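Undergrad: Contents of coords-v5.cif (mmCIF, C-alpha atoms; chains and numbers go by the auth columns) are given next:
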data_my_file
#
loop_
_atom_site.group_PDB
_atom_site.id
_atom_site.type_symbol
_atom_site.label_atom_id
_atom_site.label_comp_id
_atom_site.label_asym_id
_atom_site.label_seq_id
_atom_site.Cartn_x
_atom_site.Cartn_y
_atom_site.Cartn_z
_atom_site.B_iso_or_equiv
_atom_site.auth_seq_id
_atom_site.auth_asym_id
ATOM 1 C CA MET A 1 42.248 38.612 -24.206 0.00 1 A
ATOM 2 C CA LEU A 2 42.786 35.057 -25.316 0.00 2 A
ATOM 3 C CA ARG A 3 39.606 32.961 -25.716 0.00 3 A
ATOM 4 C CA LEU A 4 39.757 29.213 -25.620 0.00 4 A
ATOM 5 C CA PRO A 5 37.354 27.237 -27.760 0.00 5 A
ATOM 6 C CA ALA A 6 34.428 25.649 -25.897 0.00 6 A
ATOM 7 C CA LEU A 7 35.114 22.032 -25.131 0.00 7 A
ATOM 8 C CA PRO A 8 32.347 19.433 -25.332 0.00 8 A
ATOM 9 C CA GLY A 9 33.183 18.320 -21.784 0.00 9 A
ATOM 10 C CA LYS A 10 32.329 21.780 -20.455 0.00 10 A
ATOM 11 C CA ARG A 11 28.750 21.482 -21.676 0.00 11 A
ATOM 12 C CA LEU A 12 28.188 18.037 -20.175 0.00 12 A
ATOM 13 C CA PRO A 13 27.665 19.177 -16.543 0.00 13 A
ATOM 14 C CA ALA A 14 25.106 21.777 -17.642 0.00 14 A
ATOM 15 C CA LEU A 15 23.293 19.146 -19.702 0.00 15 A
ATOM 16 C CA LEU A 16 23.234 16.719 -16.767 0.00 16 A
ATOM 17 C CA ILE A 17 21.824 19.406 -14.469 0.00 17 A
ATOM 18 C CA ALA A 18 19.089 20.192 -16.999 0.00 18 A
ATOM 19 C CA ILE A 19 18.141 16.510 -17.328 0.00 19 A
ATOM 20 C CA ALA A 20 18.149 16.026 -13.557 0.00 20 A
ATOM 21 C CA SER A 21 15.848 19.028 -13.090 0.00 21 A
ATOM 22 C CA PHE A 22 13.203 17.233 -15.170 0.00 22 A
ATOM 23 C CA ILE A 23 13.696 13.762 -13.688 0.00 23 A
ATOM 24 C CA MET A 24 13.947 14.615 -9.976 0.00 24 A
ATOM 25 C CA PRO A 25 10.458 16.177 -9.584 0.00 25 A
ATOM 26 C CA ALA A 26 8.891 13.081 -11.163 0.00 26 A
ATOM 27 C CA MET A 27 10.782 10.818 -8.783 0.00 27 A
ATOM 28 C CA ALA A 28 9.900 12.947 -5.759 0.00 28 A
ATOM 29 C CA ALA A 29 6.220 12.958 -6.697 0.00 29 A
ATOM 30 C CA ALA A 30 5.861 9.172 -6.403 0.00 30 A
ATOM 31 C CA THR A 31 3.658 8.202 -3.455 0.00 31 A
ATOM 32 C CA PRO A 32 3.140 4.880 -1.667 0.00 32 A
ATOM 33 C CA LEU A 33 -0.077 2.980 -2.301 0.00 33 A
ATOM 34 C CA LEU A 34 -1.170 -0.294 -0.715 0.00 34 A
ATOM 35 C CA ARG A 35 -3.177 -2.356 -3.204 0.00 35 A
ATOM 36 C CA CYS A 36 -5.060 -5.359 -1.813 0.00 36 A
ATOM 37 C CA LYS A 37 -6.966 -8.101 -3.590 0.00 37 A
ATOM 38 C CA VAL A 38 -9.690 -9.426 -1.314 0.00 38 A
ATOM 39 C CA GLU A 39 -11.786 -12.454 -2.254 0.00 39 A
ATOM 40 C CA GLN A 40 -14.817 -13.795 -0.406 0.00 40 A
ATOM 41 C CA GLY A 41 -17.672 -15.961 -1.629 0.00 41 A
ATOM 42 C CA GLY A 42 -16.346 -15.955 -5.202 0.00 42 A
ATOM 43 C CA ILE A 43 -16.321 -12.134 -5.382 0.00 43 A
ATOM 44 C CA LEU A 44 -12.946 -10.431 -5.894 0.00 44 A
ATOM 45 C CA LYS A 45 -12.454 -6.808 -4.820 0.00 45 A
ATOM 46 C CA SER A 46 -9.433 -4.608 -5.455 0.00 46 A
ATOM 47 C CA LEU A 47 -8.919 -2.077 -2.660 0.00 47 A
ATOM 48 C CA GLU A 48 -6.390 0.763 -2.430 0.00 48 A
ATOM 49 C CA PHE A 49 -5.089 2.497 0.683 0.00 49 A
ATOM 50 C CA SER A 50 -2.987 5.668 0.893 0.00 50 A
ATOM 51 C CA PRO A 51 -0.809 6.785 3.812 0.00 51 A
ATOM 52 C CA VAL A 52 -2.475 8.507 6.767 0.00 52 A
ATOM 53 C CA THR A 53 -1.068 10.232 9.833 0.00 53 A
ATOM 54 C CA ASP A 54 -3.857 9.181 12.201 0.00 54 A
ATOM 55 C CA PRO A 55 -4.581 5.428 12.112 0.00 55 A
ATOM 56 C CA TYR A 56 -7.739 5.815 14.196 0.00 56 A
ATOM 57 C CA LEU A 57 -9.573 7.593 11.375 0.00 57 A
ATOM 58 C CA VAL A 58 -9.363 4.598 9.009 0.00 58 A
ATOM 59 C CA LYS A 59 -12.657 2.706 8.730 0.00 59 A
ATOM 60 C CA ALA A 60 -13.079 -1.013 8.075 0.00 60 A
ATOM 61 C CA ILE A 61 -14.615 -1.973 4.719 0.00 61 A
ATOM 62 C CA ASP A 62 -17.559 -4.360 4.544 0.00 62 A
ATOM 63 C CA ILE A 63 -16.852 -7.508 2.520 0.00 63 A
ATOM 64 C CA ASN A 64 -20.132 -9.176 1.439 0.00 64 A
ATOM 65 C CA GLY A 65 -21.753 -8.595 4.833 0.00 65 A
ATOM 66 C CA ARG A 66 -19.646 -11.410 6.295 0.00 66 A
ATOM 67 C CA PHE A 67 -16.238 -9.840 6.952 0.00 67 A
ATOM 68 C CA ARG A 68 -14.719 -6.424 7.495 0.00 68 A
ATOM 69 C CA PHE A 69 -11.264 -5.556 6.137 0.00 69 A
ATOM 70 C CA LYS A 70 -9.117 -2.674 7.322 0.00 70 A
ATOM 71 C CA ALA A 71 -5.656 -1.731 6.054 0.00 71 A
ATOM 72 C CA VAL A 72 -3.865 1.119 7.792 0.00 72 A
ATOM 73 C CA VAL A 73 -0.839 2.658 6.062 0.00 73 A
ATOM 74 C CA VAL A 74 0.819 5.120 8.442 0.00 74 A
ATOM 75 C CA GLY A 75 3.351 7.531 7.030 0.00 75 A
ATOM 76 C CA SER A 76 3.663 10.394 4.605 0.00 76 A
ATOM 77 C CA ALA A 77 3.543 10.872 0.852 0.00 77 A
ATOM 78 C CA ARG A 78 7.214 9.839 0.662 0.00 78 A
ATOM 79 C CA HIS A 79 7.692 7.208 3.362 0.00 79 A
ATOM 80 C CA VAL A 80 5.681 4.451 5.045 0.00 80 A
ATOM 81 C CA ASP A 81 6.329 3.956 8.763 0.00 81 A
ATOM 82 C CA TYR A 82 4.219 0.815 9.061 0.00 82 A
ATOM 83 C CA VAL A 83 1.267 -1.094 7.636 0.00 83 A
ATOM 84 C CA LYS A 84 -1.311 -2.885 9.799 0.00 84 A
ATOM 85 C CA ILE A 85 -4.025 -5.109 8.390 0.00 85 A
ATOM 86 C CA TYR A 86 -7.085 -6.195 10.349 0.00 86 A
ATOM 87 C CA THR A 87 -9.702 -8.757 9.336 0.00 87 A
ATOM 88 C CA TYR A 88 -12.952 -9.041 11.282 0.00 88 A
ATOM 89 C CA SER A 89 -15.744 -11.583 11.135 0.00 89 A
ATOM 90 C CA GLN A 90 -19.100 -9.818 10.954 0.00 90 A
ATOM 91 C CA LEU A 91 -21.111 -11.505 13.702 0.00 91 A
ATOM 92 C CA SER A 92 -24.722 -10.665 14.570 0.00 92 A
ATOM 93 C CA ARG A 93 -23.839 -8.439 17.534 0.00 93 A
ATOM 94 C CA GLN A 94 -20.556 -6.858 16.475 0.00 94 A
ATOM 95 C CA PRO A 95 -17.417 -7.487 14.409 0.00 95 A
ATOM 96 C CA MET A 96 -14.868 -9.859 15.961 0.00 96 A
ATOM 97 C CA LEU A 97 -11.156 -9.504 15.206 0.00 97 A
ATOM 98 C CA MET A 98 -9.944 -12.675 13.492 0.00 98 A
ATOM 99 C CA HIS A 99 -6.537 -11.681 12.149 0.00 99 A
ATOM 100 C CA GLU A 100 -4.053 -8.830 12.567 0.00 100 A
ATOM 101 C CA SER A 101 -0.698 -8.377 10.858 0.00 101 A
ATOM 102 C CA GLU A 102 1.942 -5.648 11.028 0.00 102 A
ATOM 103 C CA TYR A 103 4.758 -4.676 8.664 0.00 103 A
ATOM 104 C CA ILE A 104 7.317 -2.194 10.021 0.00 104 A
ATOM 105 C CA ALA A 105 8.950 0.216 7.525 0.00 105 A
ATOM 106 C CA PRO A 106 8.098 -1.870 4.449 0.00 106 A
ATOM 107 C CA LEU A 107 9.748 -1.074 1.134 0.00 107 A
ATOM 108 C CA THR A 108 7.686 0.119 -1.809 0.00 108 A
ATOM 109 C CA SER A 109 8.028 -1.383 -5.256 0.00 109 A
ATOM 110 C CA LYS A 110 7.861 0.526 -8.533 0.00 110 A
ATOM 111 C CA ALA A 111 6.543 -2.272 -10.746 0.00 111 A
ATOM 112 C CA SER A 112 2.836 -3.018 -10.970 0.00 112 A
ATOM 113 C CA SER A 113 3.713 -6.727 -10.926 0.00 113 A
ATOM 114 C CA ALA A 114 5.709 -6.302 -7.724 0.00 114 A
ATOM 115 C CA ALA A 115 6.189 -8.974 -5.108 0.00 115 A
ATOM 116 C CA SER A 116 3.480 -9.242 -2.494 0.00 116 A
ATOM 117 C CA LEU A 117 4.013 -7.538 0.870 0.00 117 A
ATOM 118 C CA THR A 118 1.713 -9.903 2.738 0.00 118 A
ATOM 119 C CA GLY A 119 1.704 -13.114 0.740 0.00 119 A
ATOM 120 C CA VAL A 120 -1.643 -14.881 0.406 0.00 120 A
ATOM 121 C CA ASN A 121 -3.618 -14.933 3.671 0.00 121 A
ATOM 122 C CA ARG A 122 -6.699 -17.026 4.402 0.00 122 A
ATOM 123 C CA VAL A 123 -8.987 -16.091 7.279 0.00 123 A
ATOM 124 C CA TYR A 124 -11.893 -18.270 8.447 0.00 124 A
ATOM 125 C CA SER A 125 -14.907 -17.053 10.388 0.00 125 A
ATOM 126 C CA PRO A 126 -16.278 -19.083 13.297 0.00 126 A
ATOM 127 C CA ASP A 127 -19.742 -18.795 11.712 0.00 127 A
ATOM 128 C CA LEU A 128 -20.138 -21.528 9.068 0.00 128 A
ATOM 129 C CA GLU A 129 -16.366 -21.443 8.444 0.00 129 A
ATOM 130 C CA ARG A 130 -16.570 -18.786 5.758 0.00 130 A
ATOM 131 C CA GLU A 131 -13.263 -17.936 4.080 0.00 131 A
ATOM 132 C CA LEU A 132 -11.730 -14.587 3.156 0.00 132 A
ATOM 133 C CA ILE A 133 -8.529 -14.531 1.079 0.00 133 A
ATOM 134 C CA TYR A 134 -6.361 -11.446 0.702 0.00 134 A
ATOM 135 C CA GLU A 135 -2.999 -10.376 -0.650 0.00 135 A
ATOM 136 C CA CYS A 136 -1.526 -6.865 -0.549 0.00 136 A
ATOM 137 C CA THR A 137 1.306 -5.162 -2.428 0.00 137 A
ATOM 138 C CA LEU A 138 2.921 -1.851 -1.472 0.00 138 A
ATOM 139 C CA LEU A 139 3.519 0.144 -4.640 0.00 139 A
ATOM 140 C CA GLU A 140 5.177 3.436 -5.466 0.00 140 A
ATOM 141 C CA THR A 141 2.854 5.340 -7.782 0.00 141 A
ATOM 142 C CA ALA A 142 2.976 8.623 -9.631 0.00 142 A
ATOM 143 C CA PRO A 143 0.162 11.070 -8.844 0.00 143 A
#
Please re-express this file's structure in structure tokens.

TA:
Amino acid sequence: MLRLPALPGKRLPALLIAIASFIMPAMAAATPLLRCKVEQGGILKSLEFSPVTDPYLVKAIDINGRFRFKAVVVGSARHVDYVKIYTYSQLSRQPMLMHESEYIAPLTSKASSAASLTGVNRVYSPDLERELIYECTLLETAP
């Protein structure tokens, strides 16, 4: 039987498959993460929100006893269906919705210095005109 010498081109597909088997799991493992910078009364907080399937289970976060901030990321570990952000003024009786925004099927960004999803938002309470400033970025992060 006649044997042909192995050609370098014959090994290339096997090498590409081996490389892809290491790269693909790392790419598939990336998950969306909404990172928000919230500032109120000179205090800056960095908040992170992961995707959920039930938006009604997400609780609002107290911001200095004056505001409440709630970011709801609905989707899965691979895809975000939508993001909704709610800002409430904390009044004496109960929180009052001051601002709501919605982003349908937003794209994630891989860089930590990614462009903002929301831009800079300023919300003012009716009580003493207090100001809350926030900006959120939707990132793709590795676990």

Undergrad: To one decimal in Å, tell me the separation between atom CA of Leu107 of chain A and atom CA of Gly119 of chain A.

TA: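 Atom-to-atom, atom CA of Leu107 of chain A to atom CA of Gly119 of chain A, that is 14.5 Å.
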
Undergrad: Just say which residues the PyMOL selection byres ((chain A and resi 116) around 9) picks in this file, as an NGL selection string.

TA: :A and (113-115 or 117-120 or 135-138)

Undergrad: So that I can check the surroundings of Arg66 of chain A, please list as number ranges by chain every protein, DNA and RNA residue that reaches within 9 Å of it, counting all atoms listed in the file and ignoring chain neighbours fewer than 2 positions away.

TA: A: 40, 62-64, 68, 88-91, 125, 130

Undergrad: When you look at segment 76-87 of chain A with a cut-off of 8 Å (counting all atoms listed in the file), what residues show up, excluding the ones that are within fewer than 6 positions of it in the same chain? I need them as JSON, numbers by chain.

TA: {"A": [28, 30, 31, 32, 51, 52, 53, 67, 68, 69, 70, 97, 98, 99, 100, 101, 102, 103, 104, 105, 106, 107, 123]}

Undergrad: In Å, with one decimal, what is the gap from atom CA of Gly41 of chain A to atom CA of Gln94 of chain A?

TA: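 Computing it gives 20.5 Å between the two atoms.
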
Undergrad: Which residue, A:Pro95, A:Gly42, A:Pro126, A:Gly75, has the smallest gap to Ala60 of chain A when you use all atoms listed in the file?

TA: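 Among the listed residues, the smallest separation from Ala60 of chain A belongs to A:Pro95.
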
Undergrad: Tell me, in Å to one decimal, how far atom CA of Arg35 of chain A is from atom CA of Tyr134 of chain A.

TA: 10.4 Å

Undergrad: I'd like the neighbourhood of Glu48 of chain A as a VMD selection string, where a residue qualifies if any of its atoms comes within 9 Å (using all atoms listed in the file), though same-chain residues fewer than 5 positions away should be ignored.

TA: chain A and resid 33 to 37 71

Undergrad: Take the residues just selected and output them with C-alpha atoms as a PDB file, in the coordinates of the input.

TA:
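Final file, selection_0.pdb:
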ATOM      1  CA  LEU A  33      -0.077   2.980  -2.301  1.00  0.00           C
ATOM      2  CA  LEU A  34      -1.170  -0.294  -0.715  1.00  0.00           C
ATOM      3  CA  ARG A  35      -3.177  -2.356  -3.204  1.00  0.00           C
ATOM      4  CA  CYS A  36      -5.060  -5.359  -1.813  1.00  0.00           C
ATOM      5  CA  LYS A  37      -6.966  -8.101  -3.590  1.00  0.00           C
ATOM      6  CA  ALA A  71      -5.656  -1.731   6.054  1.00  0.00           C
TER       7      ALA A  71
END

Undergrad: Around all the atoms of segment 117-134 of chain A listed in the file, with 4 Å of room on each side, what axis-aligned box do you get, giving centre and edge lengths in Å to one decimal, as JSON?

TA:
{"center_x": -8.1, "center_y": -14.5, "center_z": 6.9, "size_x": 32.2, "size_y": 22.0, "size_z": 20.9}

Undergrad: Can you work out which one of A:Val38, A:Met96, A:Val72, A:Ala142 has the shortest atom-to-atom distance to Ser50 of chain A, counting all atoms listed in the file?

TA: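 Ranking A:Val38, A:Met96, A:Val72, A:Ala142 by distance to Ser50 of chain A, first place goes to A:Val72.
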